[in-house]
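Chemist: Sharing entry14.csv (CSV, C-alpha atoms (C1' of nucleotides)) below.
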chain,number,residue,atom,x,y,z
A,13,MET,CA,0.0,0.0,0.0
A,14,ASN,CA,1.3,3.4,-1.0
A,15,TYR,CA,0.4,6.9,-0.1
A,16,TRP,CA,-0.4,9.6,-2.7
A,17,LEU,CA,-1.5,13.2,-2.7
A,18,MET,CA,-3.9,14.6,-5.3
A,19,LYS,CA,-4.6,18.2,-5.7
A,20,SER,CA,-7.9,19.7,-6.8
A,21,GLU,CA,-9.2,23.3,-6.8
A,22,PRO,CA,-12.3,23.2,-4.6
A,23,ASN,CA,-14.1,25.5,-7.1
A,24,ASP,CA,-13.6,22.8,-9.6
A,25,TYR,CA,-13.9,19.6,-7.6
A,26,SER,CA,-13.9,19.6,-3.8
A,27,ILE,CA,-13.8,17.0,-1.1
A,28,ASP,CA,-17.5,17.6,-0.6
A,29,ASP,CA,-18.1,16.7,-4.2
A,30,LEU,CA,-16.3,13.5,-3.7
A,31,ALA,CA,-18.2,12.9,-0.5
A,32,SER,CA,-21.5,13.2,-2.2
A,33,GLU,CA,-20.5,11.3,-5.4
A,34,LYS,CA,-18.6,8.6,-3.5
A,35,LYS,CA,-16.3,7.9,-6.5
A,36,ALA,CA,-14.6,9.9,-9.1
A,37,SER,CA,-12.5,9.3,-12.2
A,38,TRP,CA,-9.5,11.6,-11.9
A,39,ASP,CA,-9.9,13.0,-15.4
A,40,GLY,CA,-8.3,16.1,-17.0
A,41,VAL,CA,-4.7,15.5,-15.8
A,42,ARG,CA,-2.5,16.6,-18.7
A,43,ASN,CA,1.0,16.3,-17.2
A,44,TYR,CA,3.1,13.4,-18.1
A,45,GLN,CA,4.7,12.8,-14.7
A,46,ALA,CA,1.3,12.8,-13.0
A,47,ARG,CA,-0.1,10.5,-15.7
A,48,ASN,CA,2.8,8.1,-15.3
A,49,PHE,CA,2.0,7.8,-11.6
A,50,MET,CA,-1.6,7.0,-12.3
A,51,ARG,CA,-0.9,4.7,-15.3
A,52,ASP,CA,2.0,2.8,-13.8
A,53,ASP,CA,2.1,3.0,-10.0
A,54,MET,CA,-1.2,3.5,-8.4
A,55,ARG,CA,-2.8,0.3,-7.0
A,56,VAL,CA,-6.3,-0.5,-5.6
A,57,GLY,CA,-6.2,0.2,-1.9
A,58,ASP,CA,-3.6,2.9,-2.0
A,59,LYS,CA,-4.4,5.9,0.2
A,60,VAL,CA,-4.8,9.3,-1.3
A,61,PHE,CA,-4.6,12.5,0.6
A,62,PHE,CA,-7.0,15.0,-1.0
A,63,TYR,CA,-5.6,18.5,-1.2
A,64,HIS,CA,-7.3,21.7,-2.0
A,65,SER,CA,-5.2,24.0,-4.1
A,66,ASN,CA,-5.9,27.5,-5.0
A,67,ALA,CA,-8.0,27.5,-1.9
A,68,ASN,CA,-8.3,29.6,1.2
A,69,PRO,CA,-6.4,28.2,2.9
A,70,PRO,CA,-4.7,25.5,0.8
A,71,ALA,CA,-4.9,22.3,2.9
A,72,ILE,CA,-5.2,18.5,3.1
A,73,VAL,CA,-8.9,18.1,3.6
A,74,GLY,CA,-9.7,14.5,3.3
A,75,LEU,CA,-8.7,10.9,2.5
A,76,ALA,CA,-9.6,8.8,-0.5
A,77,ALA,CA,-8.5,5.4,-1.8
A,78,VAL,CA,-7.7,4.1,-5.3
A,79,CYS,CA,-10.6,1.9,-6.3
A,80,ARG,CA,-9.8,1.3,-10.0
A,81,GLU,CA,-6.4,1.2,-11.6
A,82,SER,CA,-5.3,2.8,-14.8
A,83,HIS,CA,-7.7,3.2,-17.7
A,84,PRO,CA,-7.8,5.8,-20.5
A,85,ASP,CA,-9.0,9.3,-19.9
A,86,ILE,CA,-11.9,9.5,-22.3
A,87,THR,CA,-12.3,13.2,-21.8
A,88,ALA,CA,-9.3,13.5,-24.1
A,89,PHE,CA,-11.4,12.1,-27.0
A,90,ASP,CA,-14.2,14.6,-26.6
A,91,LYS,CA,-14.0,17.7,-28.7
A,92,ASN,CA,-16.4,19.5,-26.5
A,93,ASP,CA,-14.5,18.8,-23.3
A,94,SER,CA,-12.1,21.4,-22.0
A,95,HIS,CA,-9.5,18.7,-21.6
A,96,PHE,CA,-9.8,17.5,-25.3
A,97,ASP,CA,-6.5,16.5,-26.7
A,98,PRO,CA,-6.5,15.7,-30.5
A,99,LYS,CA,-3.2,13.8,-30.1
A,100,SER,CA,-4.7,11.2,-27.9
A,101,LYS,CA,-6.3,8.4,-30.1
A,102,LYS,CA,-8.7,5.8,-28.9
A,103,GLY,CA,-6.5,3.0,-30.2
A,104,ASN,CA,-3.5,4.5,-28.5
A,105,PRO,CA,-4.5,6.8,-25.7
A,106,THR,CA,-2.1,9.4,-24.4
A,107,TRP,CA,-3.8,10.1,-21.1
A,108,PHE,CA,-4.7,7.6,-18.3
A,109,LEU,CA,-6.4,8.0,-15.0
A,110,VAL,CA,-7.4,6.1,-11.9
A,111,ASP,CA,-10.7,6.1,-10.0
A,112,ILE,CA,-10.8,7.0,-6.4
A,113,GLN,CA,-13.4,6.5,-3.7
A,114,PHE,CA,-14.3,8.8,-0.8
A,115,VAL,CA,-13.0,7.6,2.6
A,116,LYS,CA,-13.3,10.6,4.9
A,117,LYS,CA,-13.4,14.3,5.2
A,118,TYR,CA,-11.2,15.5,8.0
A,119,LYS,CA,-12.8,17.5,10.8
A,120,ALA,CA,-9.6,19.4,11.1
A,121,PRO,CA,-7.8,19.9,7.8
A,122,VAL,CA,-4.1,20.5,7.9
A,123,THR,CA,-3.2,23.7,6.1
A,124,LEU,CA,-0.2,24.2,3.9
A,125,THR,CA,1.2,26.6,6.5
A,126,GLU,CA,1.0,23.9,9.2
A,127,LEU,CA,2.6,21.4,6.9
A,128,LYS,CA,5.4,23.7,6.2
A,129,SER,CA,6.1,24.5,9.9
A,130,ASP,CA,6.1,20.8,10.9
A,131,LYS,CA,9.6,19.6,11.4
A,132,LYS,CA,8.6,16.0,10.7
A,133,LEU,CA,7.4,16.9,7.3
A,134,GLN,CA,10.5,18.8,6.0
A,135,GLY,CA,11.6,17.1,2.8
A,136,MET,CA,8.1,16.2,1.7
A,137,ARG,CA,7.7,16.6,-2.0
A,138,LEU,CA,4.6,18.8,-1.6
A,139,LEU,CA,6.7,21.4,0.2
A,140,GLN,CA,9.5,21.7,-2.3
A,141,ARG,CA,9.5,25.0,-4.0
A,142,GLY,CA,8.0,25.2,-7.4
A,143,GLN,CA,6.2,21.9,-6.9
A,144,ARG,CA,3.2,21.9,-9.2
A,145,LEU,CA,2.5,18.2,-9.7
A,146,SER,CA,-1.2,17.4,-9.2
A,147,VAL,CA,-0.6,13.8,-8.4
A,148,MET,CA,2.4,12.9,-6.4
A,149,PRO,CA,3.7,10.1,-4.2
A,150,ILE,CA,4.0,10.5,-0.5
A,151,GLU,CA,6.8,8.7,1.2
A,152,GLU,CA,5.6,6.1,3.8
A,153,LYS,CA,7.2,7.9,6.7
A,154,TYR,CA,5.3,11.1,5.8
A,155,GLY,CA,2.1,9.3,5.0
A,156,LYS,CA,2.0,7.5,8.3
A,157,TYR,CA,2.7,10.6,10.2
A,158,LEU,CA,0.1,12.5,8.3
A,159,GLU,CA,-2.5,9.9,9.3
A,160,THR,CA,-1.7,10.6,12.9
A,161,LEU,CA,-2.1,14.3,12.4
A,162,LEU,CA,-5.3,14.2,10.5
A,163,LYS,CA,-8.5,13.5,12.3
B,6,DG,C1',18.9,19.7,-30.1
B,7,DC,C1',18.6,24.5,-28.5
B,8,DC,C1',16.1,27.9,-26.5
B,9,DA,C1',12.8,31.8,-26.6
B,10,DA,C1',8.0,32.4,-26.2
B,11,DC,C1',4.1,31.1,-24.2
B,12,DG,C1',0.6,28.9,-21.1
B,13,DT,C1',-0.4,26.9,-16.6
B,14,DT,C1',-0.1,26.2,-11.7
B,15,DG,C1',-0.8,27.8,-7.4
B,16,DG,C1',0.8,30.5,-3.3
B,17,DC,C1',0.4,34.9,-1.6
C,28,DG,C1',-4.2,40.3,-9.4
C,29,DC,C1',0.7,39.3,-9.3
C,30,DC,C1',4.4,36.6,-10.3
C,31,DA,C1',7.8,32.7,-9.8
C,32,DA,C1',8.4,28.2,-11.3
C,33,DC,C1',7.8,24.9,-14.5
C,34,DG,C1',6.2,22.3,-18.8
C,35,DT,C1',5.3,22.6,-23.6
C,36,DT,C1',5.7,24.3,-28.2
C,37,DG,C1',7.8,25.4,-32.4
C,38,DG,C1',11.2,27.9,-35.2
C,39,DC,C1',15.7,27.4,-36.5
Write out the structure in this file as structure tokens.

Modeler:
Amino acid sequence: MNYWLMKSEPNDYSIDDLASEKKASWDGVRNYQARNFMRDDMRVGDKVFFYHSNANPPAIVGLAAVCRESHPDITAFDKNDSHFDPKSKKGNPTWFLVDIQFVKKYKAPVTLTELKSDKKLQGMRLLQRGQRLSVMPIEEKYGKYLETLLK
DNA sequence: GCCAACGTTGGC
DNA sequence: GCCAACGTTGGC
């Protein structure tokens, strides 16, 4: 079992949206590194910290779990979708995604400021400067510690 | 293959 | 709204 962190702008898709829908296909990712994590490395049962970016405040707000492994992101095939990508072909898709299911919403989210000031989390990928990946692995030592922090 | 221009992310 | 960091595009 591995830990991951996925970012979403709450205006776009929030933890409350996931809580009401129960499951979501993580579509629209158009970054190769993030795609590779979803396509190659994420397994059913992996834990996913749900992070609100471009939020006030930015924070880890909930927990999800991978419930379906890699499959093509069909929004790339849809001309009318904002994530349409003409280079992605149905016979040879460029973009892949995983499905996640809601696990819980934290009563006390941990804000980016708190994460940054926590000595035990120094070195976490999320906290490295210029870090823009929307899907990233969380090292086990950080993942376990985060689970003790988040209620 | 280099690199300037451009677009996006995301904190502040 | 600003802007730094980063990824992608496309001319050469």

Chemist: Which residues of chain A come within 10 Å of chain B, and what is each one's closest atom pair and distance in Å (one decimal), counting only C-alpha atoms (C1' of nucleotides), sorted by chain and residue number, as a tab-separated table?

Modeler:
residue	atom	partner	partner_atom	distance
A:Glu21	CA	B:DG15	C1'	9.5
A:Ser65	CA	B:DG15	C1'	6.7
A:Asn66	CA	B:DG15	C1'	5.6
A:Ala67	CA	B:DG15	C1'	9.1
A:Pro69	CA	B:DG16	C1'	9.8
A:Pro70	CA	B:DG16	C1'	8.5
A:Leu124	CA	B:DG16	C1'	9.6
A:Gly142	CA	B:DG15	C1'	9.2
A:Gln143	CA	B:DT14	C1'	9.0
A:Arg144	CA	B:DT14	C1'	6.0
A:Leu145	CA	B:DT14	C1'	8.6
A:Ser146	CA	B:DT14	C1'	9.2

Chemist: Just want the 12 Å neighbourhood of stretch 128-135 of chain A, counted on all atoms listed in the file, with same-chain residues fewer than 5 positions away dropped. Output as a PyMOL selection string.

Modeler: chain A and resi 70-71+122-123+140-141+150-158+160-161

Chemist: Can you write just those residues out, C-alpha atoms, as a compact mmCIF listing (two decimals), in the coordinates of the input?

Modeler:
# COMPACT_ATOMS: atom_id res chain seq x y z
CA PRO A 70 -4.70 25.50 0.80
CA ALA A 71 -4.90 22.30 2.90
CA VAL A 122 -4.10 20.50 7.90
CA THR A 123 -3.20 23.70 6.10
CA GLN A 140 9.50 21.70 -2.30
CA ARG A 141 9.50 25.00 -4.00
CA ILE A 150 4.00 10.50 -0.50
CA GLU A 151 6.80 8.70 1.20
CA GLU A 152 5.60 6.10 3.80
CA LYS A 153 7.20 7.90 6.70
CA TYR A 154 5.30 11.10 5.80
CA GLY A 155 2.10 9.30 5.00
CA LYS A 156 2.00 7.50 8.30
CA TYR A 157 2.70 10.60 10.20
CA LEU A 158 0.10 12.50 8.30
CA THR A 160 -1.70 10.60 12.90
CA LEU A 161 -2.10 14.30 12.40

Chemist: Write out as a list in words which residues come within 10 Å of stretch 54-59 of chain A when counting only C-alpha atoms (C1' of nucleotides), dropping same-chain ones fewer than 4 positions away.

Modeler: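 Skipping anything fewer than 4 positions along the chain leaves Met13, Asn14, Tyr15, Trp16, Leu17, Asn48, Phe49, Met50, Leu75, Ala76, Ala77, Val78, Cys79, Arg80, Glu81, Ser82, Leu109, Val110, Asp111, Ile112, Gln113, Val115, Pro149, Ile150 and Gly155 of chain A.
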
Chemist: State, in Å with one decimal place, the distance from atom CA of A:Thr106 to atom CA of A:Met136.

Modeler: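 It comes out at 28.8 Å.
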
Chemist: Could you tell me how far atom CA of A:Ser94 lies from atom CA of A:Lys117, in Å and to one decimal?

Modeler: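 Computed distance, atom CA of A:Ser94 to atom CA of A:Lys117, equals 28.1 Å.
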
Chemist: What separation in Å, quoted to one decimal, exists between atom CA of A:Ala120 and atom CA of A:Ser32?

Modeler: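 About the pair atom CA of A:Ala120 and atom CA of A:Ser32: they are 18.9 Å apart.
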
Chemist: Excluding same-chain residues fewer than 5 positions from A:Ile72, what lies within 6 Å of it counting all atoms listed in the file, as a PyMOL selection string?

Modeler: chain A and resi 62-63+121-122

Chemist: Since we have the selection now, will you write its residues out, keeping C-alpha atoms, as an mmCIF file, in the frame of the given file?

Modeler:
data_model
loop_
_atom_site.group_PDB
_atom_site.id
_atom_site.type_symbol
_atom_site.label_atom_id
_atom_site.label_comp_id
_atom_site.auth_asym_id
_atom_site.auth_seq_id
_atom_site.Cartn_x
_atom_site.Cartn_y
_atom_site.Cartn_z
ATOM 1 C CA PHE A 62 -7.000 15.000 -1.000
ATOM 2 C CA TYR A 63 -5.600 18.500 -1.200
ATOM 3 C CA PRO A 121 -7.800 19.900 7.800
ATOM 4 C CA VAL A 122 -4.100 20.500 7.900
#

Chemist: Show which residues sit within 7 Å of A:Val147, as a list in words. Count only C-alpha atoms (C1' of nucleotides), and ignore same-chain residues fewer than 6 positions away.

Modeler: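 The residues that qualify are Leu17, Met18, Lys19 and Ala46 of chain A.
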